[in-house]
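> As input, take upload_14.cif (mmCIF, C-alpha atoms):
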data_coords
#
loop_
_atom_site.label_atom_id
_atom_site.label_comp_id
_atom_site.auth_asym_id
_atom_site.auth_seq_id
_atom_site.Cartn_x
_atom_site.Cartn_y
_atom_site.Cartn_z
CA MET W 1 2.83 -6.62 -48.13
CA ALA W 2 3.31 -2.90 -48.56
CA GLY W 3 4.92 -1.24 -51.55
CA GLY W 4 8.67 -0.90 -51.84
CA ALA W 5 11.36 -1.11 -54.46
CA VAL W 6 10.90 -3.63 -57.24
CA GLY W 7 14.41 -4.87 -56.52
CA ASP W 8 16.41 -7.65 -58.12
CA SER W 9 13.40 -9.91 -58.65
CA GLY W 10 12.22 -7.52 -61.32
CA PHE W 11 8.96 -6.33 -62.75
CA GLY W 12 7.67 -9.86 -63.34
CA ALA W 13 7.83 -10.71 -59.63
CA TRP W 14 6.22 -7.39 -58.77
CA ALA W 15 3.38 -8.06 -61.23
CA ARG W 16 2.78 -11.53 -59.80
CA ARG W 17 2.49 -10.02 -56.31
CA TYR W 18 0.09 -7.37 -57.59
CA PHE W 19 -2.24 -9.83 -59.32
CA ALA W 20 -2.08 -12.31 -56.46
CA ALA W 21 -3.49 -9.56 -54.25
CA LYS W 22 -6.27 -8.88 -56.79
CA ALA W 23 -7.07 -12.58 -57.17
CA GLY W 24 -7.15 -13.04 -53.40
CA HIS W 25 -9.28 -9.92 -52.78
CA ASP W 26 -6.48 -8.80 -50.47
CA LEU W 27 -7.44 -5.16 -50.08
CA ASP W 28 -4.63 -4.22 -47.69
CA THR W 29 -1.85 -5.65 -49.85
CA LEU W 30 -3.36 -4.14 -52.98
CA THR W 31 -3.65 -0.69 -51.42
CA GLY W 32 -0.05 -0.93 -50.27
CA LEU W 33 1.00 -1.29 -53.91
CA PHE W 34 -0.72 1.98 -54.89
CA HIS W 35 1.21 5.23 -54.75
CA PRO W 36 -0.72 7.86 -52.72
CA VAL W 37 -1.19 9.96 -55.87
CA ILE W 38 -1.97 7.09 -58.25
CA ASP W 39 -3.91 7.87 -61.43
CA TYR W 40 -5.88 4.89 -62.70
CA GLU W 41 -7.47 5.24 -66.14
CA ASP W 42 -9.80 2.99 -68.10
CA ALA W 43 -9.49 3.61 -71.83
CA VAL W 44 -12.88 2.01 -72.60
CA LEU W 45 -14.98 3.72 -69.95
CA CYS W 46 -12.83 6.87 -70.34
CA ARG W 47 -12.73 7.24 -66.59
CA ARG W 48 -10.01 8.33 -64.22
CA THR W 49 -9.69 7.50 -60.52
CA SER W 50 -7.06 9.41 -58.56
CA GLY W 51 -5.57 8.67 -55.15
CA ALA W 52 -4.88 5.47 -53.24
CA GLN W 53 -7.87 5.84 -50.95
CA ARG W 54 -10.31 6.23 -53.83
CA MET W 55 -8.75 3.19 -55.47
CA ARG W 56 -9.17 1.24 -52.24
CA ALA W 57 -12.84 2.22 -52.09
CA THR W 58 -13.33 1.17 -55.72
CA TYR W 59 -11.79 -2.26 -55.17
CA GLN W 60 -13.64 -2.71 -51.91
CA SER W 61 -16.92 -2.20 -53.78
CA ILE W 62 -15.86 -4.64 -56.52
CA PHE W 63 -14.77 -7.32 -54.05
CA GLU W 64 -17.93 -6.97 -51.94
CA ARG W 65 -20.27 -7.64 -54.86
CA ALA W 66 -18.17 -10.37 -56.52
CA ALA W 67 -17.84 -14.00 -55.53
CA ALA W 68 -14.70 -14.84 -53.58
CA SER W 69 -13.51 -16.95 -56.53
CA ALA W 70 -13.84 -14.09 -59.03
CA GLY W 71 -10.58 -12.35 -59.76
CA SER W 72 -7.90 -11.43 -62.24
CA SER W 73 -5.14 -13.72 -63.52
CA LEU W 74 -1.86 -12.53 -64.96
CA ALA W 75 -0.91 -13.94 -68.36
CA TRP W 76 2.47 -12.25 -68.82
CA SER W 77 4.43 -9.13 -68.03
CA ALA W 78 7.47 -7.22 -69.22
CA GLY W 79 9.19 -4.16 -67.78
CA ASP W 80 11.71 -2.85 -65.30
CA GLU W 81 11.77 -0.98 -62.00
CA ARG W 82 10.04 2.03 -63.61
CA GLY W 83 7.11 -0.03 -64.89
CA GLY W 84 6.03 -1.91 -67.97
CA ALA W 85 3.06 -3.73 -69.44
CA VAL W 86 0.92 -6.65 -68.33
CA GLN W 87 -1.70 -8.82 -69.97
CA PHE W 88 -4.36 -10.33 -67.73
CA SER W 89 -7.86 -11.80 -67.71
CA ASN W 90 -10.82 -10.79 -65.57
CA ASP W 91 -13.25 -13.51 -64.54
CA ALA W 92 -16.88 -13.16 -65.60
CA GLY W 93 -17.83 -12.74 -61.95
CA LEU W 94 -16.24 -9.32 -61.82
CA PHE W 95 -17.94 -7.49 -64.69
CA GLY W 96 -20.48 -9.88 -66.23
CA ALA W 97 -18.29 -11.54 -68.85
CA PRO W 98 -14.68 -12.71 -69.17
CA MET W 99 -12.35 -9.94 -70.33
CA ARG W 100 -8.84 -9.91 -71.75
CA VAL W 101 -6.97 -6.76 -70.79
CA ALA W 102 -3.56 -5.23 -71.37
CA ALA W 103 -2.35 -2.41 -69.17
CA VAL W 104 0.55 -0.03 -68.94
CA ILE W 105 1.79 0.42 -65.38
CA GLU W 106 4.22 3.10 -64.22
CA LEU W 107 5.96 2.65 -60.88
CA ASP W 108 7.55 4.94 -58.34
CA GLY W 109 9.38 3.12 -55.58
CA GLY W 110 7.57 -0.12 -56.34
CA ARG W 111 4.10 1.43 -56.16
CA VAL W 112 1.73 2.21 -59.02
CA VAL W 113 1.74 5.89 -59.84
CA ARG W 114 -0.20 5.43 -63.11
CA GLN W 115 -2.10 2.57 -64.70
CA ARG W 116 -4.23 2.58 -67.81
CA ASP W 117 -6.23 -0.49 -68.82
CA TYR W 118 -6.94 -1.19 -72.49
CA TRP W 119 -9.54 -3.74 -73.56
CA ASP W 120 -12.31 -4.21 -76.10
CA GLY W 121 -15.73 -3.02 -74.91
CA ARG W 122 -17.33 -5.62 -77.18
CA ALA W 123 -16.08 -8.30 -74.82
CA ILE W 124 -18.99 -7.66 -72.46
CA PRO W 125 -22.72 -7.42 -73.19
CA ALA W 126 -23.77 -4.10 -74.72
CA GLY W 127 -26.19 -3.39 -71.87
CA THR W 128 -23.50 -4.00 -69.27
CA LEU W 129 -21.10 -1.70 -71.10
CA THR W 130 -23.70 1.04 -71.33
CA GLY W 131 -24.42 0.67 -67.62
CA LEU W 132 -20.75 0.94 -66.73
CA ARG W 133 -20.35 4.03 -68.86
CA THR W 134 -23.38 5.54 -67.17
CA GLN W 135 -22.00 4.68 -63.74
CA TYR W 136 -18.63 6.23 -64.58
CA PRO W 137 -19.12 9.45 -66.55
CA CYS W 138 -16.72 10.04 -69.41
CA HIS W 139 -14.02 12.25 -67.93
CA LEU W 140 -11.68 11.44 -70.83
CA PRO W 141 -13.21 11.63 -74.33
CA PRO W 142 -11.67 9.01 -76.63
CA ALA W 143 -9.97 11.66 -78.76
CA ASP W 144 -8.22 12.98 -75.62
CA LEU W 145 -6.85 9.61 -74.49
CA PRO W 146 -3.36 9.83 -76.07
CA VAL W 147 -0.77 10.76 -73.47
CA GLY W 148 2.69 12.26 -74.00
CA GLN W 149 5.95 10.66 -72.96
CA ARG W 150 6.07 10.87 -69.16
CA ARG W 151 9.57 9.56 -68.36
CA PRO W 152 12.76 8.97 -70.35
CA ARG W 153 12.45 6.02 -72.71
CA ASP W 154 14.63 2.98 -72.20
CA PRO W 155 17.00 3.17 -75.18
CA VAL W 156 16.48 -0.43 -76.29
CA LEU W 157 12.70 -0.41 -75.96
CA GLY W 158 12.47 3.06 -77.50
CA ALA W 159 14.60 2.04 -80.47
CA ALA W 160 12.44 -1.05 -81.03
CA ALA W 161 9.31 1.13 -81.01
CA GLU W 162 10.84 3.54 -83.52
CA ARG W 163 12.00 0.77 -85.87
CA PHE W 164 8.60 -0.90 -85.78
CA ARG W 165 6.73 2.36 -86.42
CA SER W 166 9.03 3.30 -89.30
CA ALA W 167 8.54 -0.13 -90.87
CA LEU W 168 4.75 0.08 -90.52
CA ASP W 169 4.62 3.55 -92.08
CA ALA W 170 6.98 2.64 -94.91
CA ALA W 171 5.40 -0.79 -95.51
CA LYS W 172 8.82 -2.39 -95.58
CA GLY W 173 11.38 -3.74 -93.15
CA LEU W 174 8.95 -5.35 -90.71
CA ASP W 175 10.71 -8.69 -90.98
CA ARG W 176 13.90 -7.09 -89.63
CA CYS W 177 12.04 -6.03 -86.47
CA LEU W 178 10.74 -9.49 -85.54
CA ALA W 179 12.18 -12.66 -84.07
CA GLU W 180 11.67 -15.69 -86.26
CA ASP W 181 9.17 -17.26 -83.82
CA ALA W 182 7.44 -13.98 -82.86
CA VAL W 183 3.78 -14.03 -81.81
CA LEU W 184 1.20 -11.31 -82.49
CA ALA W 185 -2.16 -11.09 -80.73
CA ASP W 186 -4.89 -8.51 -81.34
CA LEU W 187 -7.39 -8.64 -78.48
CA ALA W 188 -10.06 -6.60 -80.28
CA CYS W 189 -9.89 -8.67 -83.46
CA GLY W 190 -9.64 -11.91 -81.51
CA LEU W 191 -6.69 -13.29 -83.45
CA GLU W 192 -3.24 -14.69 -82.84
CA ILE W 193 -0.52 -15.07 -85.46
CA THR W 194 2.76 -16.93 -85.04
CA GLY W 195 5.95 -16.54 -87.01
CA ARG W 196 7.86 -13.67 -88.60
CA SER W 197 6.59 -14.26 -92.13
CA ALA W 198 2.94 -14.62 -91.14
CA ILE W 199 3.02 -11.48 -88.97
CA THR W 200 4.74 -9.47 -91.69
CA GLN W 201 2.15 -10.60 -94.24
CA PHE W 202 -0.75 -9.78 -91.90
CA LEU W 203 0.45 -6.26 -91.22
CA ALA W 204 1.07 -5.74 -94.95
CA ASP W 205 -2.42 -6.99 -95.88
CA TRP W 206 -4.41 -4.87 -93.40
CA PRO W 207 -2.59 -1.54 -93.03
CA ASP W 208 -5.58 0.82 -93.28
CA ARG W 209 -8.03 -1.39 -91.36
CA LEU W 210 -6.23 -1.23 -88.01
CA PRO W 211 -5.97 1.78 -85.67
CA TYR W 212 -2.29 1.09 -84.98
CA GLY W 213 -1.43 1.01 -88.69
CA PRO W 214 0.27 3.75 -90.74
CA GLY W 215 -0.31 7.18 -89.23
CA ALA W 216 -0.60 6.00 -85.62
CA ARG W 217 2.04 7.36 -83.27
CA GLU W 218 3.63 5.90 -80.15
CA THR W 219 3.17 8.50 -77.41
CA ASN W 220 4.48 6.87 -74.22
CA VAL W 221 7.04 4.07 -73.99
CA VAL W 222 7.26 2.32 -70.61
CA GLY W 223 9.53 -0.56 -69.67
CA GLY W 224 13.04 -1.88 -70.11
CA ALA W 225 15.37 -3.69 -72.45
CA ARG W 226 13.31 -6.90 -72.40
CA GLY W 227 9.95 -5.28 -73.07
CA GLY W 228 7.11 -3.18 -71.79
CA GLY W 229 4.35 -1.10 -73.32
CA TRP W 230 4.01 1.33 -76.22
CA GLU W 231 0.94 3.52 -75.85
CA TRP W 232 -0.19 4.98 -79.16
CA ALA W 233 -2.50 7.59 -80.61
CA ALA W 234 -4.65 5.97 -83.27
CA ALA W 235 -4.35 6.70 -86.98
CA ALA W 236 -6.43 9.67 -88.14
CA GLU W 237 -9.56 7.81 -89.24
CA PHE W 238 -9.72 6.04 -85.85
CA ARG W 239 -8.90 9.02 -83.66
CA GLU W 240 -12.47 9.94 -82.63
CA SER W 241 -13.68 6.36 -82.17
CA VAL W 242 -10.69 4.45 -80.78
CA GLY W 243 -8.57 7.33 -79.50
CA ALA W 244 -5.62 5.34 -78.22
CA GLY W 245 -4.34 1.85 -77.63
CA LEU W 246 -1.49 -0.17 -76.21
CA THR W 247 1.09 -2.49 -77.70
CA ALA W 248 2.43 -4.77 -74.97
CA VAL W 249 5.75 -6.10 -76.19
CA ARG W 250 8.47 -8.53 -75.22
CA LEU W 251 11.95 -8.32 -76.73
CA THR W 252 14.75 -10.80 -77.27
CA ASP W 253 18.25 -10.23 -75.92
CA ASP W 254 19.21 -8.57 -79.20
CA GLY W 255 16.21 -6.20 -79.27
CA LEU W 256 13.98 -8.06 -81.72
CA ILE W 257 10.26 -8.32 -81.04
CA ALA W 258 9.34 -11.71 -79.59
CA ALA W 259 5.69 -10.92 -78.78
CA LEU W 260 3.19 -8.17 -79.56
CA VAL W 261 -0.21 -7.78 -77.93
CA PHE W 262 -2.40 -5.03 -79.36
CA ALA W 263 -5.14 -3.87 -76.99
CA TRP W 264 -7.72 -1.29 -78.03
CA ASP W 265 -11.47 -0.63 -77.92
CA ALA W 266 -13.58 -1.51 -80.97
CA SER W 267 -16.93 -0.82 -79.28
CA ARG W 268 -17.29 2.70 -80.68
CA LEU W 269 -16.65 1.69 -84.28
CA THR W 270 -19.58 1.78 -86.66
CA GLY W 271 -20.93 -1.57 -87.77
CA ARG W 272 -19.35 -1.05 -91.19
CA ASP W 273 -15.92 -0.24 -89.78
CA TYR W 274 -16.11 -3.16 -87.38
CA ALA W 275 -17.01 -5.53 -90.20
CA ARG W 276 -13.88 -4.43 -92.07
CA LEU W 277 -11.58 -5.63 -89.28
CA PRO W 278 -9.63 -8.84 -89.87
CA ARG W 279 -11.40 -11.81 -88.28
CA GLY W 280 -13.56 -9.60 -86.05
CA GLY W 281 -15.64 -11.47 -83.48
CA ALA W 282 -19.31 -10.89 -82.73
CA ARG W 283 -20.42 -8.53 -80.01
CA ARG W 284 -22.11 -10.11 -77.00
CA ASP W 285 -25.58 -8.54 -76.74
#
Would it be possible to restate this file's structure as structure tokens?


Amino acid sequence: MAGGAVGDSGFGAWARRYFAAKAGHDLDTLTGLFHPVIDYEDAVLCRRTSGAQRMRATYQSIFERAAASAGSSLAWSAGDERGGAVQFSNDAGLFGAPMRVAAVIELDGGRVVRQRDYWDGRAIPAGTLTGLRTQYPCHLPPADLPVGQRRPRDPVLGAAAERFRSALDAAKGLDRCLAEDAVLADLACGLEITGRSAITQFLADWPDRLPYGPGARETNVVGGARGGGWEWAAAAEFRESVGAGLTAVRLTDDGLIAALVFAWDASRLTGRDYARLPRGGARRD
């Protein structure tokens, strides 16, 4: 299927179509969902690929070397006709180890005009990561990853981002931002927390240990009234190492946060800084 308007079925249906094409190694359908001037960025490898034909060539190479069963599976999505955020998993057959990824996707007429993937480089063996970074030279230094607001913010999603940031910086009011049964996941720390009180306590206990804590700034808000993605520039002490990250978020009907997924790269942290993270997992060497 070629691109086209997202339509009444919404961003979720569009995302399912997109990841079905990736899972099925359907190169023609996938290419049809790329805008001719697409910019794809990988926040871990700091690489950019521009143009639908270059993206087609990249995926053709990936599909040719991977088993037919190796693909990507969509976990959830939130957004509107202009784009949003997705969380997905890559099978080990694609890049040497299973990976959990969150991405911000911006759409123009139902086709991807910009996508940036955020994941933790420690998810894959150190040698594999080094090889990938060698294969794809660093066009985007980590400190240059933050991006400015590209399109008007949805008022509901933008207001939720502002309330959450203000509460984080002030260390108060977080409970008023969250649904009672909210869920928080941090892909780099390998943790999941359920419930308003537990999430509020976690964010209060670890404010200076997390790159999205006080001092971080949301730079690009993509999605609609039920959720999407907040890209952020990391707090000052994480700017050179982490650079930027993504909060994939789902909202309730009344604008409270129902789910937060923080995706960022911990692979450039020093051993000491990594050890200070809450419940940090071991690197796969």

> Once the PyMOL selection byres ((chain W and resi 165-171) around 7) is applied to the coordinates I shared, what remains selected? I want it as a list in words.

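When the PyMOL selection byres ((chain W and resi 165-171) around 7) is applied, the selected residues are Ala161, Glu162, Arg163, Phe164, Lys172, Gly173, Leu174, Ala204, Gly213, Pro214 and Gly215 of chain W.
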
> Starting from the PyMOL selection byres ((chain W and resi 95) around 10), expand the selection into actual residues of this file and give them as a list in words.

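Expected selection for the PyMOL selection byres ((chain W and resi 95) around 10) here is Ile62, Ala66, Ala70, Asn90, Asp91, Ala92, Gly93, Leu94, Gly96, Ala97, Pro98, Met99, Ile124, Pro125, Thr128, Leu129 and Leu132 of chain W.
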
> Starting from the displayed file, determine the output of the PyMOL selection byres ((chain W and resi 18-32) around 12) and express the residue list as a PyMOL selection string.

chain W and resi 1-4+6+11-17+33-38+51-77+86-91+93-94+105+109-113

> Taking all atoms listed in the file into account, which of W:Val147, W:Ile199, W:Leu157, W:Val249 comes nearest W:Thr219?

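Closest to W:Thr219 of all the choices is W:Val147.
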
> With distances taken over all atoms listed in the file, which residue among W:Gly229, W:Pro211, W:Gly271, W:Gly10 lies nearest W:Arg116?

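Closest to W:Arg116 of all the choices is W:Gly229.
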
> So how many Å separate atom CA of W:Asp205 and atom CA of W:Ser267, to one decimal?

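Distance between the two atoms: 22.9 Å.
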
> Considering all atoms listed in the file, can you say which of W:Leu107, W:Leu184, W:Cys189, W:Leu256 comes closest to W:Asp80?

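Answer, going by the shortest atom-to-atom distance: W:Leu107.
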
> Interatomic distance between atom CA of W:Ala159 and atom CA of W:Ala225?

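Straight-line distance from atom CA of W:Ala159 to atom CA of W:Ala225 works out to 9.9 Å.
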
> Please rebuild stretch 86-102 of chain W with N, CA and C atoms and give the result as a CSV table (one decimal), keeping the file's coordinate frame.


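Just written: out04.csv:
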chain,number,residue,atom,x,y,z
W,86,VAL,N,1.4,-5.3,-68.8
W,86,VAL,CA,0.9,-6.6,-68.3
W,86,VAL,C,-0.3,-7.0,-69.2
W,87,GLN,N,-0.5,-8.3,-69.4
W,87,GLN,CA,-1.7,-8.8,-70.0
W,87,GLN,C,-2.4,-9.7,-68.9
W,88,PHE,N,-3.7,-9.5,-68.7
W,88,PHE,CA,-4.4,-10.3,-67.7
W,88,PHE,C,-5.8,-10.6,-68.2
W,89,SER,N,-6.5,-11.5,-67.5
W,89,SER,CA,-7.9,-11.8,-67.7
W,89,SER,C,-8.7,-11.5,-66.5
W,90,ASN,N,-9.8,-10.9,-66.6
W,90,ASN,CA,-10.8,-10.8,-65.6
W,90,ASN,C,-11.9,-11.9,-65.7
W,91,ASP,N,-12.2,-12.5,-64.6
W,91,ASP,CA,-13.2,-13.5,-64.5
W,91,ASP,C,-14.6,-12.9,-64.8
W,92,ALA,N,-15.5,-13.7,-65.3
W,92,ALA,CA,-16.9,-13.2,-65.6
W,92,ALA,C,-17.6,-12.6,-64.3
W,93,GLY,N,-17.2,-13.2,-63.2
W,93,GLY,CA,-17.8,-12.7,-62.0
W,93,GLY,C,-17.6,-11.3,-61.6
W,94,LEU,N,-16.6,-10.7,-62.2
W,94,LEU,CA,-16.2,-9.3,-61.8
W,94,LEU,C,-17.1,-8.3,-62.6
W,95,PHE,N,-17.3,-8.5,-63.9
W,95,PHE,CA,-17.9,-7.5,-64.7
W,95,PHE,C,-19.0,-8.1,-65.6
W,96,GLY,N,-19.4,-9.3,-65.4
W,96,GLY,CA,-20.5,-9.9,-66.2
W,96,GLY,C,-20.1,-10.7,-67.4
W,97,ALA,N,-18.8,-10.7,-67.8
W,97,ALA,CA,-18.3,-11.5,-68.8
W,97,ALA,C,-16.8,-11.6,-68.7
W,98,PRO,N,-16.1,-12.7,-69.2
W,98,PRO,CA,-14.7,-12.7,-69.2
W,98,PRO,C,-14.1,-11.6,-70.1
W,99,MET,N,-13.0,-11.0,-69.6
W,99,MET,CA,-12.4,-9.9,-70.3
W,99,MET,C,-10.9,-10.2,-70.4
W,100,ARG,N,-10.3,-9.9,-71.6
W,100,ARG,CA,-8.8,-9.9,-71.8
W,100,ARG,C,-8.4,-8.5,-71.8
W,101,VAL,N,-7.4,-8.1,-71.0
W,101,VAL,CA,-7.0,-6.8,-70.8
W,101,VAL,C,-5.5,-6.7,-70.9
W,102,ALA,N,-5.0,-5.6,-71.5
W,102,ALA,CA,-3.6,-5.2,-71.4
W,102,ALA,C,-3.5,-3.9,-70.7
